[in-house]
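Colleague: So here's upload_0.txt (compact mmCIF, C-alpha atoms).
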```
# COMPACT_ATOMS: atom_id res chain seq x y z
CA MET C 1 -3.78 55.71 0.28
CA ASP C 2 -1.89 58.56 -1.31
CA SER C 3 -2.25 58.47 -5.09
CA ASP C 4 1.53 58.88 -5.38
CA GLU C 5 2.20 55.75 -3.36
CA GLU C 6 3.28 52.81 -5.35
CA ILE C 7 0.76 50.01 -5.30
CA PRO C 8 2.52 46.88 -4.04
CA SER C 9 2.74 44.07 -6.54
CA LEU C 10 0.83 40.90 -5.85
CA VAL C 11 2.92 37.95 -4.72
CA ASP C 12 2.34 34.84 -6.75
CA ALA C 13 0.65 32.15 -4.68
CA VAL C 14 2.89 29.21 -3.90
CA ILE C 15 1.29 25.96 -4.99
CA LEU C 16 2.45 23.15 -2.74
CA GLU C 17 2.36 19.59 -3.99
CA PRO C 18 0.60 17.03 -1.78
CA VAL C 19 3.03 15.29 0.56
CA PRO C 20 3.40 11.53 -0.07
CA VAL C 21 2.54 9.15 2.79
CA THR C 22 3.90 5.63 3.08
CA LEU C 23 2.34 3.17 5.50
CA ILE C 24 4.74 0.82 7.30
CA THR C 25 2.93 -2.34 8.32
CA GLY C 26 3.91 -5.77 9.59
CA TYR C 27 3.06 -8.25 12.31
CA LEU C 28 4.22 -7.86 15.93
CA GLY C 29 7.99 -8.21 16.19
CA SER C 30 8.65 -8.11 12.45
CA GLY C 31 10.95 -5.09 12.58
CA LYS C 32 8.76 -2.11 11.65
CA THR C 33 10.05 0.10 14.42
CA THR C 34 13.62 -1.05 13.75
CA LEU C 35 13.13 0.23 10.19
CA LEU C 36 11.87 3.56 11.47
CA ASN C 37 14.67 3.83 14.02
CA TYR C 38 17.12 3.31 11.17
CA ILE C 39 15.49 6.12 9.20
CA LEU C 40 15.49 8.38 12.25
CA THR C 41 19.16 7.90 13.07
CA GLU C 42 20.99 7.36 9.78
CA GLN C 43 22.34 10.14 7.57
CA HIS C 44 20.40 9.88 4.32
CA ASN C 45 19.91 13.53 3.30
CA LYS C 46 16.13 13.13 3.29
CA LYS C 47 13.62 15.20 5.24
CA ILE C 48 11.19 12.57 6.48
CA ALA C 49 8.51 12.89 9.13
CA VAL C 50 8.05 9.62 11.01
CA ILE C 51 4.93 8.82 13.02
CA LEU C 52 5.26 6.00 15.56
CA ASN C 53 2.34 4.42 17.38
CA GLU C 54 2.44 3.46 21.04
CA PHE C 55 1.73 -0.20 20.40
CA GLY C 56 5.16 -0.97 18.96
CA GLU C 57 7.06 -3.94 20.32
CA GLY C 58 10.53 -4.13 21.87
CA ASP C 59 12.85 -1.27 22.77
CA THR C 60 11.79 1.44 20.39
CA MET C 61 12.80 5.00 19.64
CA GLU C 62 9.47 6.16 21.02
CA LYS C 63 10.42 4.90 24.48
CA VAL C 64 13.57 7.02 24.32
CA ILE C 65 12.42 10.32 22.89
CA ALA C 66 8.63 10.36 23.14
CA ILE C 67 8.11 10.30 26.90
CA GLY C 68 6.44 13.40 28.22
CA GLU C 69 5.40 14.47 31.69
CA LYS C 70 4.13 11.72 34.02
CA GLY C 71 5.37 9.12 31.57
CA ASN C 72 2.67 9.79 29.00
CA LEU C 73 3.47 9.53 25.32
CA CYS C 74 3.71 13.01 23.91
CA GLU C 75 2.27 14.10 20.59
CA GLU C 76 4.74 16.92 19.95
CA TRP C 77 7.00 16.81 16.92
CA LEU C 78 10.71 16.50 17.70
CA GLU C 79 13.28 17.59 15.14
CA LEU C 80 16.27 15.22 14.96
CA GLN C 81 19.85 15.87 13.93
CA ASN C 82 19.57 14.05 10.61
CA GLY C 83 16.72 16.30 9.45
CA CYS C 84 13.90 13.92 10.32
CA LEU C 85 10.90 14.76 12.46
CA CYS C 86 9.46 12.22 14.91
CA CYS C 87 6.19 11.92 16.77
CA SER C 88 4.52 9.16 18.79
CA VAL C 89 0.72 8.90 18.90
CA LYS C 90 -2.00 6.81 20.46
CA ASP C 91 -4.28 6.58 17.44
CA ASN C 92 -3.91 5.84 13.72
CA GLY C 93 -1.91 9.00 13.13
CA ILE C 94 -4.58 11.20 11.53
CA LYS C 95 -4.40 13.78 14.32
CA ALA C 96 -0.60 13.74 14.18
CA ILE C 97 -0.62 14.42 10.45
CA GLU C 98 -2.99 17.35 10.94
CA ASN C 99 -0.53 18.84 13.44
CA LEU C 100 2.39 17.95 11.22
CA MET C 101 1.03 19.91 8.27
CA LEU C 102 1.48 23.07 10.36
CA LYS C 103 5.22 22.45 9.97
CA ARG C 104 5.04 22.05 6.23
CA GLY C 105 8.33 22.87 4.57
CA LYS C 106 10.44 21.07 7.16
CA PHE C 107 9.77 17.70 5.55
CA ASP C 108 8.93 16.29 2.15
CA TYR C 109 7.80 12.81 3.09
CA ILE C 110 5.68 11.10 5.78
CA LEU C 111 6.10 7.56 7.09
CA LEU C 112 3.26 6.24 9.27
CA GLU C 113 3.70 3.05 11.29
CA THR C 114 0.56 0.99 11.85
CA THR C 115 0.07 -1.35 14.80
CA GLY C 116 1.20 -4.95 14.49
CA LEU C 117 -2.36 -6.26 14.44
CA ALA C 118 -3.77 -3.58 12.15
CA ASP C 119 -5.34 -4.13 8.76
CA PRO C 120 -3.69 -1.36 6.69
CA GLY C 121 -6.58 -1.28 4.20
CA PRO C 122 -8.93 1.10 6.07
CA ILE C 123 -6.00 3.39 6.93
CA ALA C 124 -4.82 3.41 3.32
CA LYS C 125 -8.29 4.41 2.14
CA LEU C 126 -8.17 7.48 4.40
CA PHE C 127 -5.13 8.84 2.57
CA TRP C 128 -6.02 7.66 -0.91
CA VAL C 129 -7.97 10.73 -1.95
CA ASP C 130 -8.73 11.98 -5.46
CA SER C 131 -6.19 14.71 -6.23
CA GLU C 132 -9.02 16.99 -7.35
CA LEU C 133 -10.12 17.26 -3.72
CA GLY C 134 -6.95 19.21 -3.01
CA SER C 135 -5.73 17.08 -0.12
CA ASP C 136 -2.47 18.08 1.54
CA VAL C 137 -1.29 14.46 1.55
CA HIS C 138 -1.59 11.47 -0.73
CA LEU C 139 -0.91 7.76 -0.32
CA ASP C 140 2.32 6.68 -2.01
CA GLY C 141 2.51 3.04 -1.01
CA ILE C 142 2.35 0.33 1.64
CA VAL C 143 5.51 -1.35 2.91
CA CYS C 144 5.19 -4.59 4.89
CA VAL C 145 7.94 -6.00 7.09
CA VAL C 146 7.90 -9.80 7.51
CA ASP C 147 9.74 -11.73 10.23
CA SER C 148 11.64 -14.59 8.55
CA LYS C 149 11.82 -16.60 11.76
CA PHE C 150 8.15 -16.53 12.76
CA ALA C 151 6.30 -15.54 9.59
CA THR C 152 4.89 -19.01 8.85
CA LYS C 153 3.49 -19.22 12.38
CA HIS C 154 1.92 -15.77 12.05
CA LEU C 155 0.39 -16.57 8.67
CA ASN C 156 -1.31 -19.64 10.12
CA ASP C 157 -2.45 -18.00 13.35
CA ASP C 158 -6.26 -17.99 13.32
CA SER C 159 -6.40 -16.69 16.89
CA SER C 160 -5.42 -13.22 15.65
CA ILE C 161 -8.40 -12.90 13.32
CA SER C 162 -10.43 -9.85 14.34
CA ASN C 163 -13.81 -10.44 15.92
CA ASN C 164 -15.11 -7.62 13.73
CA LEU C 165 -14.58 -9.69 10.59
CA ASN C 166 -17.06 -12.16 9.20
CA LEU C 167 -17.17 -15.48 11.02
CA ASP C 168 -16.08 -17.33 7.90
CA ASP C 169 -13.13 -15.02 7.28
CA THR C 170 -9.85 -16.92 7.21
CA ILE C 171 -7.56 -13.99 6.48
CA ASN C 172 -5.64 -13.01 9.60
CA PRO C 173 -3.89 -9.63 10.00
CA SER C 174 -0.50 -10.93 8.85
CA LEU C 175 -2.02 -12.25 5.62
CA ARG C 176 -3.87 -9.00 4.95
CA GLN C 177 -0.74 -6.94 5.56
CA ILE C 178 1.19 -8.97 2.99
CA THR C 179 -1.71 -8.96 0.55
CA LEU C 180 -2.03 -5.16 0.56
CA ALA C 181 1.70 -4.37 0.39
CA ASP C 182 3.47 -2.75 -2.54
CA VAL C 183 6.91 -3.63 -1.16
CA ILE C 184 7.61 -6.52 1.23
CA LEU C 185 10.77 -6.67 3.34
CA VAL C 186 11.59 -10.27 4.28
CA ASN C 187 13.48 -9.32 7.40
CA LYS C 188 15.85 -11.01 9.89
CA ILE C 189 17.35 -13.26 7.24
CA ASP C 190 20.49 -13.49 9.37
CA LEU C 191 18.56 -15.52 11.95
CA VAL C 192 17.43 -18.37 9.70
CA ASP C 193 18.86 -20.73 7.08
CA SER C 194 18.85 -19.62 3.45
CA ASN C 195 16.43 -22.41 2.49
CA ILE C 196 13.87 -21.01 4.95
CA VAL C 197 14.24 -17.55 3.40
CA GLU C 198 13.78 -19.03 -0.06
CA SER C 199 10.69 -20.99 1.00
CA LEU C 200 9.17 -17.97 2.74
CA THR C 201 9.83 -15.76 -0.28
CA LYS C 202 7.96 -18.24 -2.48
CA THR C 203 5.06 -18.29 -0.03
CA VAL C 204 4.91 -14.50 0.09
CA ARG C 205 5.07 -14.35 -3.71
CA SER C 206 2.17 -16.82 -3.96
CA ILE C 207 0.08 -14.58 -1.68
CA ASN C 208 0.98 -11.30 -3.35
CA GLY C 209 2.34 -11.55 -6.87
CA THR C 210 2.46 -7.78 -7.37
CA ALA C 211 4.80 -6.62 -4.59
CA GLU C 212 8.55 -6.20 -4.84
CA ILE C 213 10.19 -8.53 -2.30
CA ILE C 214 13.47 -7.47 -0.68
CA SER C 215 15.51 -9.52 1.81
CA THR C 216 16.85 -7.48 4.75
CA THR C 217 18.78 -7.72 8.00
CA ASN C 218 17.82 -5.35 10.83
CA SER C 219 15.32 -3.77 8.40
CA ARG C 220 18.10 -1.93 6.59
CA VAL C 221 17.05 -1.10 3.06
CA ASP C 222 17.84 1.44 0.37
CA LEU C 223 15.22 4.13 1.05
CA ASN C 224 14.76 4.63 -2.68
CA LYS C 225 13.22 1.15 -2.69
CA ILE C 226 10.42 2.14 -0.34
CA LEU C 227 9.89 5.85 -1.11
CA GLU C 228 8.39 7.50 -4.18
CA LEU C 229 6.67 4.28 -5.23
CA LYS C 230 3.71 6.14 -6.78
CA SER C 231 1.69 2.97 -6.26
CA TYR C 232 -1.57 4.91 -6.07
CA SER C 233 -0.87 7.42 -8.79
CA SER C 234 -1.43 7.51 -12.53
CA ASN C 235 2.28 8.36 -12.69
CA PHE C 236 3.33 4.89 -11.58
CA SER C 237 5.60 3.01 -13.96
CA PRO C 238 3.63 1.04 -16.58
CA ALA C 239 6.75 -1.08 -16.99
CA ARG C 240 6.16 -2.24 -13.43
CA ILE C 241 2.84 -3.72 -14.57
CA GLU C 242 4.70 -5.74 -17.19
CA GLU C 243 7.10 -7.00 -14.54
CA ILE C 244 4.19 -7.96 -12.28
CA VAL C 245 2.47 -9.82 -15.12
CA LYS C 246 5.60 -11.92 -15.69
CA ASN C 247 5.74 -12.76 -11.98
CA VAL C 248 2.08 -13.74 -11.87
CA ASP C 249 2.31 -15.77 -15.08
CA GLY C 250 5.13 -17.69 -13.48
CA LEU C 251 2.93 -18.45 -10.47
CA GLU C 252 -0.27 -19.55 -12.14
CA GLY C 253 -0.50 -23.30 -12.33
CA LYS C 254 2.77 -23.75 -10.38
CA ALA C 255 2.60 -22.19 -6.93
CA HIS C 256 0.09 -23.39 -4.39
CA ILE C 257 -2.67 -21.05 -3.28
CA TYR C 258 -1.82 -20.11 0.28
CA ARG C 259 -4.96 -20.34 2.40
CA ASN C 260 -7.10 -19.50 -0.63
CA ILE C 261 -5.23 -16.20 -1.25
CA SER C 262 -3.88 -15.74 -4.77
CA THR C 263 -2.96 -13.27 -7.50
CA VAL C 264 -4.70 -13.43 -10.88
CA THR C 265 -3.96 -11.52 -14.09
CA LEU C 266 -6.73 -10.79 -16.57
CA ASP C 267 -5.96 -9.74 -20.13
CA ILE C 268 -8.56 -7.08 -20.98
CA PRO C 269 -9.51 -6.51 -24.64
CA ASN C 270 -7.99 -3.36 -26.07
CA GLY C 271 -10.79 -0.97 -26.88
CA ILE C 272 -13.00 -1.89 -23.92
CA SER C 273 -15.52 0.85 -23.14
CA LYS C 274 -15.33 2.71 -19.86
CA THR C 275 -18.90 1.61 -19.15
CA SER C 276 -17.97 -2.06 -19.53
CA LEU C 277 -14.96 -1.66 -17.27
CA ASP C 278 -16.97 0.24 -14.67
CA THR C 279 -19.67 -2.44 -14.70
CA PHE C 280 -17.11 -5.21 -14.27
CA VAL C 281 -15.31 -3.46 -11.40
CA CYS C 282 -18.60 -2.72 -9.61
CA GLN C 283 -19.60 -6.37 -9.95
CA ILE C 284 -16.42 -7.76 -8.42
CA LEU C 285 -16.04 -5.13 -5.68
CA TRP C 286 -19.57 -4.25 -4.62
CA GLU C 287 -22.07 -6.88 -5.69
CA LYS C 288 -20.42 -9.65 -3.63
CA THR C 289 -21.87 -12.32 -5.93
CA LEU C 290 -18.65 -13.55 -7.57
CA THR C 291 -17.67 -17.12 -6.64
CA ASP C 292 -14.75 -19.39 -7.41
CA GLY C 293 -16.88 -21.98 -9.19
CA GLN C 294 -17.25 -24.11 -6.06
CA GLY C 295 -19.63 -21.80 -4.25
CA ASN C 296 -17.02 -19.87 -2.25
CA PHE C 297 -17.59 -16.13 -2.44
CA SER C 298 -14.61 -14.18 -3.73
CA GLU C 299 -13.09 -11.15 -2.01
CA ILE C 300 -11.01 -8.65 -3.96
CA ILE C 301 -8.47 -7.10 -1.59
CA ARG C 302 -6.25 -5.22 -4.05
CA MET C 303 -6.46 -4.44 -7.75
CA LYS C 304 -4.16 -2.60 -10.14
CA GLY C 305 -3.88 -2.45 -13.89
CA VAL C 306 -3.55 -0.52 -17.15
CA ILE C 307 -6.44 -0.25 -19.63
CA ARG C 308 -6.61 0.91 -23.26
CA PHE C 309 -10.09 2.23 -24.00
CA ALA C 310 -12.01 2.36 -27.25
CA ASP C 311 -11.21 6.07 -27.67
CA GLN C 312 -7.47 5.17 -27.58
CA SER C 313 -6.97 6.76 -24.16
CA VAL C 314 -5.02 4.82 -21.54
CA ALA C 315 -5.82 4.72 -17.84
CA SER C 316 -4.70 3.06 -14.63
CA VAL C 317 -7.23 1.25 -12.47
CA GLN C 318 -6.67 0.75 -8.75
CA SER C 319 -8.61 -0.53 -5.76
CA VAL C 320 -8.26 -1.25 -2.06
CA TYR C 321 -11.19 -3.34 -0.90
CA ASP C 322 -14.37 -1.61 -2.18
CA MET C 323 -12.74 1.73 -3.04
CA TYR C 324 -11.47 2.12 -6.59
CA GLU C 325 -10.31 4.78 -8.98
CA ILE C 326 -9.62 5.12 -12.70
CA GLN C 327 -7.03 7.73 -13.72
CA THR C 328 -6.00 8.75 -17.24
CA ILE C 329 -2.32 8.16 -18.01
CA SER C 330 -0.67 10.95 -19.97
CA GLY C 331 2.05 10.12 -22.48
CA HIS C 332 0.42 6.75 -23.08
CA HIS C 333 2.59 6.13 -26.15
CA LYS C 334 5.23 5.01 -23.66
CA VAL C 335 2.92 2.44 -22.08
CA PRO C 336 3.68 -1.17 -23.10
CA PRO C 337 1.04 -2.80 -25.35
CA GLY C 338 -1.91 -4.65 -23.94
CA SER C 339 -4.53 -4.07 -21.25
CA ARG C 340 -4.34 -5.98 -17.99
CA ILE C 341 -5.89 -6.05 -14.55
CA ILE C 342 -4.11 -7.77 -11.68
CA LEU C 343 -6.27 -8.94 -8.77
CA ILE C 344 -5.23 -10.13 -5.32
CA GLY C 345 -7.80 -11.72 -3.07
CA LYS C 346 -9.51 -14.74 -1.60
CA TYR C 347 -11.18 -17.52 -3.61
CA LEU C 348 -10.26 -16.02 -6.96
CA ASP C 349 -11.00 -18.18 -9.98
CA LYS C 350 -9.65 -16.91 -13.29
CA ASN C 351 -12.31 -18.63 -15.41
CA SER C 352 -15.13 -17.18 -13.30
CA LEU C 353 -13.61 -13.71 -13.59
CA LEU C 354 -13.19 -14.00 -17.36
CA SER C 355 -16.78 -15.22 -17.70
CA LEU C 356 -18.07 -12.23 -15.77
CA LEU C 357 -15.92 -9.87 -17.85
CA GLU C 358 -17.37 -11.34 -21.05
CA LYS C 359 -20.92 -10.76 -19.76
CA CYS C 360 -20.09 -7.12 -18.96
CA LEU C 361 -18.64 -6.64 -22.44
CA LYS C 362 -21.74 -8.06 -24.11
CA ALA C 363 -24.14 -6.12 -21.91
CA ASN C 364 -22.49 -2.82 -22.87
CA ALA C 365 -21.70 -3.60 -26.50
```
Can you turn what I pasted into structure tokens?
Modeller:
Amino acid sequence: MDSDEEIPSLVDAVILEPVPVTLITGYLGSGKTTLLNYILTEQHNKKIAVILNEFGEGDTMEKVIAIGEKGNLCEEWLELQNGCLCCSVKDNGIKAIENLMLKRGKFDYILLETTGLADPGPIAKLFWVDSELGSDVHLDGIVCVVDSKFATKHLNDDSSISNNLNLDDTINPSLRQITLADVILVNKIDLVDSNIVESLTKTVRSINGTAEIISTTNSRVDLNKILELKSYSSNFSPARIEEIVKNVDGLEGKAHIYRNISTVTLDIPNGISKTSLDTFVCQILWEKTLTDGQGNFSEIIRMKGVIRFADQSVASVQSVYDMYEIQTISGHHKVPPGSRIILIGKYLDKNSLLSLLEKCLKANA
């Protein structure tokens, strides 16, 4: 290079934020694909990438736009007039997301539909990655669509329980979908009487006391209610925890436990050590020795909470099945007082949980 040539200045590297992913789950016929069709066709000024699976029910968008040569479902991304991108896949969407990231910049959000019989937990764990790993995507939340007309039948359907689950497992796919959801759309309310909607809402609330429940017709919902939930981030709203606690407190001792699934809130002592908390979480998630006092082994499906540690730091605690994470919350002066953990699962007994917590506190005193 000639010494007189001007050396080009370095261009600052563009740091891209991880793209949020929302899982859309729900039993067969609940209205998942109707929700996605609505997003794909309505004008909402959002750039959303939608991934449909080939196991959807009814007349779906994928049957219209995702047919390739010889009638095979294509895996190419199609750009729609309202700014959305759409793709139909034959698997859980991981491959589609890898291809999608090559188009980064054309979208700022990803919605992934799961199959009607899928347990969203394992899929959620794939996307729920520690931010320090530098993943291109991160899990924002799980939205479950429930069919008002047939939900009770689905919830009681033992024939749909996966053969891969334990023989004594009584949690069918519909129950697990509701249990893991952050937002639940009680859909098709126009097809049933209002008293049925009210009864179903109470049942859903008794199963999952942490989710926001929204009644819908044709799966039409304000997208701000299902996007940017930050359900798996330390940036989630601590005020939401307070709201959840009020809901759960209203359930305990009043609502029946639906098929042994319930939500329990534990008040954690302010100033608990991180070692004590870690020991307690490991015991309830990994040791598999916790019972409900009558010999039934407990299963923690979902956990969320806010903890104030002995060093005055504040953190969120989250889990899906046996995977959990503790994240420090910045600006903790805005966090409401108190430390709480909210658990959703099978055969949960509050007294047994409190007894185990007390043992962990004493062991690490």
Colleague: Given only C-alpha atoms as the basis, pick out the residue of C:Val281, C:Cys84, C:Leu23, C:Val143 nearest to Lys47 (chain C).
Modeller: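 With only C-alpha atoms as the atom set, the closest residue is C:Cys84.
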Colleague: Could you tell me how far CA of Lys149 (chain C) sits from CA of Cys86 (chain C), in Å to one decimal place?
Modeller: 29.1 Å
Colleague: Measuring between only C-alpha atoms, which one of C:Leu356, C:Leu100, C:Ile178, C:Leu112 shows the shortest distance to Asn208 (chain C)?
Modeller: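 The shortest atom-to-atom distance to Asn208 (chain C) comes from C:Ile178.
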Colleague: Here is a test: counting all atoms listed in the file, which residue of C:Tyr232, C:Phe297, C:Tyr347, C:Trp286 is nearest to Ala124 (chain C)?
Modeller: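 Looking at the shortest contact to Ala124 (chain C), the residue is C:Tyr232.
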Colleague: Rank nothing, just name the residue among C:Asp322, C:Asp267, C:Asp157, C:Asp136 nearest to Leu117 (chain C), using only C-alpha atoms.
Modeller: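 Of C:Asp322, C:Asp267, C:Asp157, C:Asp136, the one nearest Leu117 (chain C), counting only C-alpha atoms, is C:Asp157.
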Colleague: Residues within 9 Å of Ser273 (chain C), please, as a ChimeraX atom specification. Count all atoms listed in the file; anything in the same chain fewer than 2 positions from it doesn't count.
Modeller: /C:271,275-278,308-311,361,364-365
Colleague: If you keep C-alpha atoms, can you produce a file of those selected residues as a PDB file, in the frame of the given file?
Modeller:
```pdb
ATOM      1  CA  GLY C 271     -10.790  -0.970 -26.880  1.00  0.00           C
ATOM      2  CA  THR C 275     -18.900   1.610 -19.150  1.00  0.00           C
ATOM      3  CA  SER C 276     -17.970  -2.060 -19.530  1.00  0.00           C
ATOM      4  CA  LEU C 277     -14.960  -1.660 -17.270  1.00  0.00           C
ATOM      5  CA  ASP C 278     -16.970   0.240 -14.670  1.00  0.00           C
ATOM      6  CA  ARG C 308      -6.610   0.910 -23.260  1.00  0.00           C
ATOM      7  CA  PHE C 309     -10.090   2.230 -24.000  1.00  0.00           C
ATOM      8  CA  ALA C 310     -12.010   2.360 -27.250  1.00  0.00           C
ATOM      9  CA  ASP C 311     -11.210   6.070 -27.670  1.00  0.00           C
ATOM     10  CA  LEU C 361     -18.640  -6.640 -22.440  1.00  0.00           C
ATOM     11  CA  ASN C 364     -22.490  -2.820 -22.870  1.00  0.00           C
ATOM     12  CA  ALA C 365     -21.700  -3.600 -26.500  1.00  0.00           C
TER      13      ALA C 365
END
```
Colleague: Tell me which protein, DNA and RNA residues are within 12 Å of Leu229 (chain C), counting only C-alpha atoms, leaving out same-chain ones fewer than 6 positions away, and put them as a list of chain:residue names.
Modeller: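 Result of the neighbour search: C:Pro20, C:Val21, C:Thr22, C:Leu23, C:Tyr109, C:His138, C:Leu139, C:Asp140, C:Gly141, C:Ile142, C:Val143, C:Ala181, C:Asp182, C:Val183, C:Ala211, C:Glu212, C:Leu223, C:Asn235, C:Phe236, C:Ser237, C:Arg240.
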Colleague: Using all heavy atoms, give me region 171-179 of chain C from the structure I just pasted, as a PDB file, in the first residue's frame.
Modeller:
```pdb
ATOM      1  N   ILE C 171     -50.536 -36.965  33.475  1.00  0.00           N
ATOM      2  CA  ILE C 171     -50.592 -35.635  32.872  1.00  0.00           C
ATOM      3  C   ILE C 171     -50.577 -35.785  31.358  1.00  0.00           C
ATOM      4  O   ILE C 171     -49.548 -36.103  30.766  1.00  0.00           O
ATOM      5  CB  ILE C 171     -49.413 -34.756  33.322  1.00  0.00           C
ATOM      6  CG1 ILE C 171     -49.276 -34.771  34.848  1.00  0.00           C
ATOM      7  CG2 ILE C 171     -49.594 -33.338  32.829  1.00  0.00           C
ATOM      8  CD1 ILE C 171     -48.103 -33.967  35.359  1.00  0.00           C
ATOM      9  N   ASN C 172     -51.718 -35.581  30.721  1.00  0.00           N
ATOM     10  CA  ASN C 172     -51.768 -35.720  29.273  1.00  0.00           C
ATOM     11  C   ASN C 172     -51.237 -34.454  28.595  1.00  0.00           C
ATOM     12  O   ASN C 172     -50.980 -33.447  29.255  1.00  0.00           O
ATOM     13  CB  ASN C 172     -53.199 -36.064  28.816  1.00  0.00           C
ATOM     14  CG  ASN C 172     -54.192 -34.965  29.113  1.00  0.00           C
ATOM     15  OD1 ASN C 172     -53.853 -33.785  29.106  1.00  0.00           O
ATOM     16  ND2 ASN C 172     -55.434 -35.336  29.374  1.00  0.00           N
ATOM     17  N   PRO C 173     -51.047 -34.474  27.275  1.00  0.00           N
ATOM     18  CA  PRO C 173     -50.463 -33.313  26.586  1.00  0.00           C
ATOM     19  C   PRO C 173     -51.224 -32.012  26.816  1.00  0.00           C
ATOM     20  O   PRO C 173     -50.614 -30.952  26.975  1.00  0.00           O
ATOM     21  CB  PRO C 173     -50.507 -33.736  25.114  1.00  0.00           C
ATOM     22  CG  PRO C 173     -50.437 -35.223  25.148  1.00  0.00           C
ATOM     23  CD  PRO C 173     -51.213 -35.625  26.369  1.00  0.00           C
ATOM     24  N   SER C 174     -52.540 -32.061  26.816  1.00  0.00           N
ATOM     25  CA  SER C 174     -53.325 -30.844  27.011  1.00  0.00           C
ATOM     26  C   SER C 174     -53.039 -30.222  28.371  1.00  0.00           C
ATOM     27  O   SER C 174     -52.888 -29.000  28.495  1.00  0.00           O
ATOM     28  CB  SER C 174     -54.818 -31.163  26.879  1.00  0.00           C
ATOM     29  OG  SER C 174     -55.594 -29.998  27.032  1.00  0.00           O
ATOM     30  N   LEU C 175     -52.949 -31.053  29.401  1.00  0.00           N
ATOM     31  CA  LEU C 175     -52.635 -30.560  30.741  1.00  0.00           C
ATOM     32  C   LEU C 175     -51.250 -29.935  30.791  1.00  0.00           C
ATOM     33  O   LEU C 175     -51.049 -28.883  31.388  1.00  0.00           O
ATOM     34  CB  LEU C 175     -52.720 -31.708  31.747  1.00  0.00           C
ATOM     35  CG  LEU C 175     -54.067 -31.933  32.441  1.00  0.00           C
ATOM     36  CD1 LEU C 175     -54.037 -33.230  33.238  1.00  0.00           C
ATOM     37  CD2 LEU C 175     -54.403 -30.772  33.357  1.00  0.00           C
ATOM     38  N   ARG C 176     -50.282 -30.596  30.177  1.00  0.00           N
ATOM     39  CA  ARG C 176     -48.909 -30.082  30.199  1.00  0.00           C
ATOM     40  C   ARG C 176     -48.813 -28.759  29.443  1.00  0.00           C
ATOM     41  O   ARG C 176     -48.083 -27.858  29.848  1.00  0.00           O
ATOM     42  CB  ARG C 176     -47.936 -31.106  29.612  1.00  0.00           C
ATOM     43  CG  ARG C 176     -47.708 -32.307  30.520  1.00  0.00           C
ATOM     44  CD  ARG C 176     -46.560 -33.171  30.063  1.00  0.00           C
ATOM     45  NE  ARG C 176     -46.382 -34.288  30.972  1.00  0.00           N
ATOM     46  CZ  ARG C 176     -45.653 -34.253  32.090  1.00  0.00           C
ATOM     47  NH1 ARG C 176     -45.032 -33.141  32.417  1.00  0.00           N
ATOM     48  NH2 ARG C 176     -45.547 -35.312  32.852  1.00  0.00           N
ATOM     49  N   GLN C 177     -49.530 -28.642  28.342  1.00  0.00           N
ATOM     50  CA  GLN C 177     -49.506 -27.400  27.575  1.00  0.00           C
ATOM     51  C   GLN C 177     -50.026 -26.234  28.414  1.00  0.00           C
ATOM     52  O   GLN C 177     -49.429 -25.147  28.429  1.00  0.00           O
ATOM     53  CB  GLN C 177     -50.344 -27.571  26.302  1.00  0.00           C
ATOM     54  CG  GLN C 177     -49.731 -28.521  25.288  1.00  0.00           C
ATOM     55  CD  GLN C 177     -50.725 -28.987  24.247  1.00  0.00           C
ATOM     56  OE1 GLN C 177     -51.904 -28.624  24.270  1.00  0.00           O
ATOM     57  NE2 GLN C 177     -50.267 -29.825  23.319  1.00  0.00           N
ATOM     58  N   ILE C 178     -51.115 -26.457  29.119  1.00  0.00           N
ATOM     59  CA  ILE C 178     -51.671 -25.413  29.979  1.00  0.00           C
ATOM     60  C   ILE C 178     -50.737 -25.115  31.143  1.00  0.00           C
ATOM     61  O   ILE C 178     -50.518 -23.953  31.501  1.00  0.00           O
ATOM     62  CB  ILE C 178     -53.062 -25.836  30.501  1.00  0.00           C
ATOM     63  CG1 ILE C 178     -54.074 -25.826  29.351  1.00  0.00           C
ATOM     64  CG2 ILE C 178     -53.539 -24.919  31.629  1.00  0.00           C
ATOM     65  CD1 ILE C 178     -55.448 -26.346  29.727  1.00  0.00           C
ATOM     66  N   THR C 179     -50.160 -26.149  31.707  1.00  0.00           N
ATOM     67  CA  THR C 179     -49.288 -25.993  32.873  1.00  0.00           C
ATOM     68  C   THR C 179     -48.057 -25.156  32.562  1.00  0.00           C
ATOM     69  O   THR C 179     -47.608 -24.361  33.387  1.00  0.00           O
ATOM     70  CB  THR C 179     -48.848 -27.374  33.395  1.00  0.00           C
ATOM     71  OG1 THR C 179     -50.011 -28.137  33.741  1.00  0.00           O
ATOM     72  CG2 THR C 179     -47.971 -27.245  34.623  1.00  0.00           C
TER      73      THR C 179
END
```
